[in-house]
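*Asks:* Structure in structure tokens, see below.
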Amino acid sequence: MAGDLTIFGKREQVLVMREEHGRQQVYQVNLCSASQLYNSPVYYLQQNDVVYVEPNSMRARQSTVNGNNVRSASFWMSLASLLTTITVLFVK
């Protein structure tokens, strides 16, 4: 019902956390391997299972506080604007 993963998720390293007998068990599942998936004890999700999908490297690079990072043009434009403002304040 939830649908598929987005293109930003690593399908090879999906973690499923499940509480069994009062202890939390963590299972790693490779969704790209049908045989591993079908033989996994977490093939059928249960109530209160937590599924964690690690983001791929492209998505991880994009996930900063405001979407900017050192490689983006907006970061360098903001930095240039800040330096220009500071320079103008000190020159006057």
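Here's how to read the names in the structure tokens: chain A, B, ... by the order shown, residue numbers from 1 in each chain, ligand numbers from 1 in the order shown.
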Would you kindly return, as a ChimeraX atom specification, each protein, DNA or RNA residue with an atom no farther than 12 Å from any atom of Tyr43 (chain A), considering only C-alpha atoms and excluding same-chain residues fewer than 6 positions away?
*Replies:* /A:14-16,27-31,34-37,49,51
*Asks:* Run DSSP on the backbone and grab whatever in chain A lands in strand (DSSP E); send it over as a list of chain:residue names.
*Replies:*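 Checking each residue of chain A, the strand (DSSP E) ones are A:Gly9, A:Lys10, A:Arg11, A:Glu12, A:Gln13, A:Val14, A:Leu15, A:Val16, A:Met17, A:Arg18, A:Glu19, A:Glu20, A:Arg23, A:Gln24, A:Gln25, A:Val26, A:Tyr27, A:Gln28, A:Val29, A:Val50, A:Val51, A:Tyr52, A:Val53, A:Glu54, A:Pro55.
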